[in-house]
Amino acid sequence: MQVVVLTHAGLGEALLAVVEHIYGDRPAALLSLSPAGDDLAPLRARLQELIDAAGPERPLLILCDILGASPANALPKTWANPWARVIYGLNLPMLLRALSRREQWEGLPELVAEGGRAAVQCHP
């Protein structure tokens with residue numbers, strides 16, 4: 001499975017640096033993408049390539065920071081490929097769960113989203 005971290009500038013690379021610290025290196029199937037300025041066309045084209053290439057042998061999970069912001073706006077509005085999914089609201093626990101369970105695709109997007117939600121806690 002390929003995991004794409006789709007974020008505002010700097011955030012994705014910072015998260016990948018934490019992953020490298022934890023794992024000792026960056027998993028080969030992990031990619032960080034961010035908009036370069038105001039022109040979303042190059043990012044939109046790259047995301048479409050990744051979505052089109054996703055399949056049973058290499059599913060694609062896109063973890064995006066904010067729904068409705070520039071990185072998310074680079075995603076196609078719809079696509080028919082069931083092997084490509086996106087989750088909004090990226091946090092580090094969500095990313096770590098995606099990487100630690102990436103061998104199993106069925107139900108993984110939901111499991112990753114739930115792990116991200118469960119990590120958000122409020123203490124007194």
# chains A, B, ... in the order shown; residues from 1 in each chain; ligands from 1

$ select_by_dssp --residues "stretch 20-96 of chain A" --states "helix (DSSP H, G or I)" --output "PyMOL selection string"
chain A and resi 20-23+41-53+70-73+92-96

$ residues_around --residues "stretch 107-115 of chain A" --least-positions-apart "2" --cutoff "9 Å" --atoms "only C-alpha atoms" --output "count of residues only"
20

$ atom_distance --atom1 "atom CA of A:Ala74" --atom2 "atom CA of A:Asp25"
28.2 Å

$ residues_around --residues "A:Ala72" --least-positions-apart "3" --cutoff "12 Å" --atoms "only C-alpha atoms" --output "VMD selection string"
chain A and resid 5 to 8 33 to 35 40 43 to 44 47 62 to 69 75 to 77 86 to 90

$ write_last_selection --atoms "N, CA, C and O atoms" --output "compact mmCIF listing (two decimals), in the first residue's frame"
# COMPACT_ATOMS: atom_id res chain seq x y z
N VAL A 5 0.89 11.59 2.29
CA VAL A 5 0.59 12.62 3.27
C VAL A 5 0.42 13.91 2.47
O VAL A 5 1.37 14.40 1.87
N LEU A 6 -0.81 14.42 2.42
CA LEU A 6 -1.15 15.59 1.62
C LEU A 6 -1.45 16.75 2.56
O LEU A 6 -2.48 16.77 3.23
N THR A 7 -0.50 17.69 2.64
CA THR A 7 -0.59 18.74 3.67
C THR A 7 -0.16 20.10 3.15
O THR A 7 0.37 20.22 2.05
N HIS A 8 -0.33 21.09 4.01
CA HIS A 8 0.25 22.39 3.77
C HIS A 8 1.77 22.27 3.88
O HIS A 8 2.29 21.34 4.53
N LEU A 33 3.23 15.16 -0.14
CA LEU A 33 2.92 16.12 -1.20
C LEU A 33 2.29 17.36 -0.60
O LEU A 33 1.49 17.27 0.33
N SER A 34 2.65 18.52 -1.15
CA SER A 34 2.09 19.80 -0.73
C SER A 34 1.95 20.70 -1.96
O SER A 34 2.73 20.57 -2.90
N PRO A 35 0.99 21.62 -1.93
CA PRO A 35 0.89 22.58 -3.03
C PRO A 35 2.15 23.45 -3.09
O PRO A 35 2.70 23.81 -2.05
N LEU A 40 -2.51 24.89 -8.24
CA LEU A 40 -2.75 23.52 -7.80
C LEU A 40 -2.65 22.51 -8.94
O LEU A 40 -2.69 21.31 -8.70
N LEU A 43 0.04 19.62 -8.68
CA LEU A 43 -0.32 18.70 -7.59
C LEU A 43 -1.55 17.89 -7.98
O LEU A 43 -1.60 16.67 -7.76
N ARG A 44 -2.51 18.53 -8.59
CA ARG A 44 -3.73 17.84 -9.04
C ARG A 44 -3.37 16.72 -10.03
O ARG A 44 -3.89 15.61 -9.94
N LEU A 47 -1.64 13.80 -8.14
CA LEU A 47 -2.62 13.02 -7.37
C LEU A 47 -3.47 12.15 -8.29
O LEU A 47 -3.75 10.99 -7.97
N ILE A 62 -4.62 8.25 1.05
CA ILE A 62 -4.21 9.65 1.12
C ILE A 62 -4.67 10.20 2.46
O ILE A 62 -5.86 10.16 2.77
N LEU A 63 -3.73 10.70 3.24
CA LEU A 63 -4.03 11.32 4.53
C LEU A 63 -3.84 12.81 4.37
O LEU A 63 -2.73 13.29 4.16
N CYS A 64 -4.94 13.55 4.43
CA CYS A 64 -4.93 14.99 4.14
C CYS A 64 -5.17 15.78 5.42
O CYS A 64 -5.96 15.38 6.27
N ASP A 65 -4.50 16.92 5.53
CA ASP A 65 -4.59 17.67 6.77
C ASP A 65 -5.95 18.32 7.02
O ASP A 65 -6.55 18.11 8.06
N ILE A 66 -6.48 19.09 6.08
CA ILE A 66 -7.72 19.84 6.34
C ILE A 66 -8.67 19.75 5.14
O ILE A 66 -8.31 20.13 4.03
N LEU A 67 -9.86 19.27 5.39
CA LEU A 67 -10.90 19.25 4.36
C LEU A 67 -11.24 20.68 3.97
O LEU A 67 -11.45 21.53 4.83
N GLY A 68 -11.25 20.96 2.68
CA GLY A 68 -11.63 22.27 2.18
C GLY A 68 -10.48 23.25 2.01
O GLY A 68 -10.67 24.33 1.47
N ALA A 69 -9.27 22.88 2.43
CA ALA A 69 -8.11 23.75 2.27
C ALA A 69 -7.39 23.40 0.96
O ALA A 69 -7.75 22.45 0.27
N LEU A 75 -7.32 17.53 -4.81
CA LEU A 75 -7.86 16.20 -5.08
C LEU A 75 -9.00 16.28 -6.08
O LEU A 75 -9.77 17.25 -6.07
N PRO A 76 -9.15 15.26 -6.92
CA PRO A 76 -10.32 15.22 -7.80
C PRO A 76 -11.58 15.19 -6.93
O PRO A 76 -11.55 14.67 -5.81
N LYS A 77 -12.65 15.75 -7.42
CA LYS A 77 -13.90 15.77 -6.64
C LYS A 77 -14.46 14.36 -6.45
O LYS A 77 -15.04 14.06 -5.42
N VAL A 86 -9.29 8.55 0.72
CA VAL A 86 -8.72 9.73 1.38
C VAL A 86 -9.35 9.87 2.76
O VAL A 86 -10.54 9.60 2.94
N ILE A 87 -8.54 10.28 3.72
CA ILE A 87 -8.99 10.58 5.08
C ILE A 87 -8.52 11.99 5.39
O ILE A 87 -7.35 12.33 5.18
N TYR A 88 -9.43 12.82 5.90
CA TYR A 88 -9.09 14.19 6.27
C TYR A 88 -8.90 14.29 7.78
O TYR A 88 -9.47 13.51 8.53
N GLY A 89 -8.12 15.29 8.21
CA GLY A 89 -7.87 15.50 9.64
C GLY A 89 -6.62 14.80 10.12
O GLY A 89 -6.53 14.39 11.28
N LEU A 90 -5.65 14.69 9.26
CA LEU A 90 -4.40 13.97 9.55
C LEU A 90 -3.80 14.37 10.91
O LEU A 90 -3.70 15.54 11.23

$ select_by_dssp --residues "stretch 36-112 of chain A" --states "strand (DSSP E or B)" --output "compact mmCIF listing (two decimals) with C-alpha atoms, in the first residue's frame"
# COMPACT_ATOMS: atom_id res chain seq x y z
CA GLY A 55 -5.07 -1.25 -7.57
CA ARG A 58 -0.89 -1.34 -4.50
CA LEU A 60 -3.50 4.14 -2.12
CA LEU A 61 -4.37 5.84 1.15
CA ILE A 62 -4.21 9.65 1.12
CA LEU A 63 -4.03 11.32 4.53
CA CYS A 64 -4.93 14.99 4.14
CA ALA A 84 -7.79 4.83 -3.57
CA ARG A 85 -9.24 6.43 -0.42
CA VAL A 86 -8.72 9.73 1.38
CA ILE A 87 -8.99 10.58 5.08
CA TYR A 88 -9.09 14.19 6.27

$ atom_distance --atom1 "atom CA of A:Trp83" --atom2 "atom CA of A:Ala54"
5.6 Å

$ closest_residue --among "A:Leu92, A:Pro27, A:Ala17, A:Trp79" --to "A:Glu49" --atoms "only C-alpha atoms"
A:Trp79

$ decode --residues "stretch 99-113 of chain A" --atoms "all heavy atoms" --output "mmCIF file, in the first residue's frame"
data_model
loop_
_atom_site.group_PDB
_atom_site.id
_atom_site.type_symbol
_atom_site.label_atom_id
_atom_site.label_comp_id
_atom_site.auth_asym_id
_atom_site.auth_seq_id
_atom_site.Cartn_x
_atom_site.Cartn_y
_atom_site.Cartn_z
ATOM 1 N N LEU A 99 0.706 3.160 8.751
ATOM 2 C CA LEU A 99 1.974 2.500 8.428
ATOM 3 C C LEU A 99 2.110 1.149 9.118
ATOM 4 O O LEU A 99 2.656 0.210 8.537
ATOM 5 C CB LEU A 99 3.147 3.408 8.808
ATOM 6 C CG LEU A 99 3.257 4.690 7.987
ATOM 7 C CD1 LEU A 99 4.343 5.586 8.557
ATOM 8 C CD2 LEU A 99 3.503 4.384 6.522
ATOM 9 N N SER A 100 1.616 1.034 10.321
ATOM 10 C CA SER A 100 1.784 -0.221 11.059
ATOM 11 C C SER A 100 0.838 -1.316 10.583
ATOM 12 O O SER A 100 1.062 -2.487 10.851
ATOM 13 C CB SER A 100 1.601 0.011 12.557
ATOM 14 O OG SER A 100 0.263 0.342 12.848
ATOM 15 N N ARG A 101 -0.206 -0.936 9.856
ATOM 16 C CA ARG A 101 -1.195 -1.929 9.410
ATOM 17 C C ARG A 101 -1.339 -1.949 7.898
ATOM 18 O O ARG A 101 -2.346 -2.408 7.376
ATOM 19 C CB ARG A 101 -2.548 -1.614 10.038
ATOM 20 C CG ARG A 101 -2.443 -1.400 11.537
ATOM 21 C CD ARG A 101 -3.382 -2.259 12.295
ATOM 22 N NE ARG A 101 -3.091 -2.166 13.712
ATOM 23 C CZ ARG A 101 -3.940 -1.760 14.620
ATOM 24 N NH1 ARG A 101 -5.150 -1.413 14.266
ATOM 25 N NH2 ARG A 101 -3.599 -1.722 15.878
ATOM 26 N N ARG A 102 -0.354 -1.485 7.188
ATOM 27 C CA ARG A 102 -0.507 -1.276 5.742
ATOM 28 C C ARG A 102 -0.556 -2.559 4.915
ATOM 29 O O ARG A 102 -0.821 -2.507 3.730
ATOM 30 C CB ARG A 102 0.582 -0.350 5.213
ATOM 31 C CG ARG A 102 1.988 -0.847 5.285
ATOM 32 C CD ARG A 102 2.958 0.223 4.799
ATOM 33 N NE ARG A 102 4.317 -0.222 4.842
ATOM 34 C CZ ARG A 102 5.142 -0.036 5.854
ATOM 35 N NH1 ARG A 102 4.739 0.584 6.930
ATOM 36 N NH2 ARG A 102 6.376 -0.479 5.811
ATOM 37 N N GLU A 103 -0.348 -3.703 5.515
ATOM 38 C CA GLU A 103 -0.419 -4.964 4.767
ATOM 39 C C GLU A 103 -1.855 -5.407 4.525
ATOM 40 O O GLU A 103 -2.110 -6.271 3.703
ATOM 41 C CB GLU A 103 0.343 -6.062 5.516
ATOM 42 C CG GLU A 103 1.805 -5.732 5.763
ATOM 43 C CD GLU A 103 2.566 -5.373 4.495
ATOM 44 O OE1 GLU A 103 2.345 -6.025 3.460
ATOM 45 O OE2 GLU A 103 3.370 -4.429 4.548
ATOM 46 N N GLN A 104 -2.797 -4.828 5.268
ATOM 47 C CA GLN A 104 -4.202 -5.227 5.168
ATOM 48 C C GLN A 104 -5.013 -4.050 4.646
ATOM 49 O O GLN A 104 -5.064 -3.003 5.290
ATOM 50 C CB GLN A 104 -4.692 -5.626 6.564
ATOM 51 C CG GLN A 104 -6.174 -5.695 6.706
ATOM 52 C CD GLN A 104 -6.606 -5.521 8.160
ATOM 53 O OE1 GLN A 104 -5.853 -5.774 9.070
ATOM 54 N NE2 GLN A 104 -7.822 -5.073 8.344
ATOM 55 N N TRP A 105 -5.638 -4.159 3.485
ATOM 56 C CA TRP A 105 -6.385 -3.036 2.915
ATOM 57 C C TRP A 105 -7.841 -3.011 3.369
ATOM 58 O O TRP A 105 -8.363 -1.953 3.707
ATOM 59 C CB TRP A 105 -6.309 -3.070 1.388
ATOM 60 C CG TRP A 105 -7.146 -2.001 0.753
ATOM 61 C CD1 TRP A 105 -8.292 -2.169 0.051
ATOM 62 C CD2 TRP A 105 -6.909 -0.595 0.791
ATOM 63 N NE1 TRP A 105 -8.778 -0.956 -0.371
ATOM 64 C CE2 TRP A 105 -7.943 0.037 0.082
ATOM 65 C CE3 TRP A 105 -5.923 0.207 1.369
ATOM 66 C CZ2 TRP A 105 -8.034 1.409 -0.085
ATOM 67 C CZ3 TRP A 105 -6.001 1.584 1.206
ATOM 68 C CH2 TRP A 105 -7.048 2.166 0.491
ATOM 69 N N GLU A 106 -8.509 -4.153 3.372
ATOM 70 C CA GLU A 106 -9.930 -4.165 3.676
ATOM 71 C C GLU A 106 -10.197 -3.628 5.080
ATOM 72 O O GLU A 106 -9.671 -4.125 6.068
ATOM 73 C CB GLU A 106 -10.501 -5.579 3.551
ATOM 74 C CG GLU A 106 -12.008 -5.584 3.629
ATOM 75 C CD GLU A 106 -12.595 -6.920 3.244
ATOM 76 O OE1 GLU A 106 -11.973 -7.640 2.454
ATOM 77 O OE2 GLU A 106 -13.686 -7.215 3.731
ATOM 78 N N GLY A 107 -10.980 -2.570 5.151
ATOM 79 C CA GLY A 107 -11.316 -1.946 6.422
ATOM 80 C C GLY A 107 -10.249 -1.013 6.974
ATOM 81 O O GLY A 107 -10.466 -0.362 7.990
ATOM 82 N N LEU A 108 -9.086 -0.949 6.304
ATOM 83 C CA LEU A 108 -7.989 -0.132 6.830
ATOM 84 C C LEU A 108 -8.316 1.361 6.882
ATOM 85 O O LEU A 108 -8.045 2.001 7.899
ATOM 86 C CB LEU A 108 -6.698 -0.371 6.038
ATOM 87 C CG LEU A 108 -5.497 0.416 6.555
ATOM 88 C CD1 LEU A 108 -5.086 -0.089 7.934
ATOM 89 C CD2 LEU A 108 -4.342 0.323 5.595
ATOM 90 N N PRO A 109 -8.886 1.960 5.838
ATOM 91 C CA PRO A 109 -9.182 3.396 5.938
ATOM 92 C C PRO A 109 -10.049 3.737 7.158
ATOM 93 O O PRO A 109 -9.781 4.706 7.863
ATOM 94 C CB PRO A 109 -9.890 3.710 4.617
ATOM 95 C CG PRO A 109 -9.327 2.697 3.664
ATOM 96 C CD PRO A 109 -9.187 1.443 4.495
ATOM 97 N N GLU A 110 -11.049 2.930 7.426
ATOM 98 C CA GLU A 110 -11.912 3.166 8.581
ATOM 99 C C GLU A 110 -11.140 2.984 9.894
ATOM 100 O O GLU A 110 -11.308 3.766 10.835
ATOM 101 C CB GLU A 110 -13.123 2.227 8.536
ATOM 102 C CG GLU A 110 -14.077 2.514 7.398
ATOM 103 C CD GLU A 110 -13.613 1.996 6.029
ATOM 104 O OE1 GLU A 110 -12.665 1.177 5.973
ATOM 105 O OE2 GLU A 110 -14.191 2.416 5.013
ATOM 106 N N LEU A 111 -10.292 1.977 9.947
ATOM 107 C CA LEU A 111 -9.470 1.721 11.137
ATOM 108 C C LEU A 111 -8.501 2.875 11.396
ATOM 109 O O LEU A 111 -8.316 3.313 12.537
ATOM 110 C CB LEU A 111 -8.692 0.413 10.948
ATOM 111 C CG LEU A 111 -7.861 -0.073 12.120
ATOM 112 C CD1 LEU A 111 -8.763 -0.521 13.254
ATOM 113 C CD2 LEU A 111 -6.973 -1.226 11.672
ATOM 114 N N VAL A 112 -7.908 3.393 10.338
ATOM 115 C CA VAL A 112 -6.966 4.511 10.455
ATOM 116 C C VAL A 112 -7.702 5.771 10.920
ATOM 117 O O VAL A 112 -7.228 6.483 11.817
ATOM 118 C CB VAL A 112 -6.242 4.750 9.113
ATOM 119 C CG1 VAL A 112 -5.477 6.052 9.115
ATOM 120 C CG2 VAL A 112 -5.306 3.582 8.816
ATOM 121 N N ALA A 113 -8.864 6.041 10.328
ATOM 122 C CA ALA A 113 -9.641 7.216 10.738
ATOM 123 C C ALA A 113 -10.045 7.110 12.206
ATOM 124 O O ALA A 113 -9.942 8.085 12.957
ATOM 125 C CB ALA A 113 -10.871 7.373 9.839
#
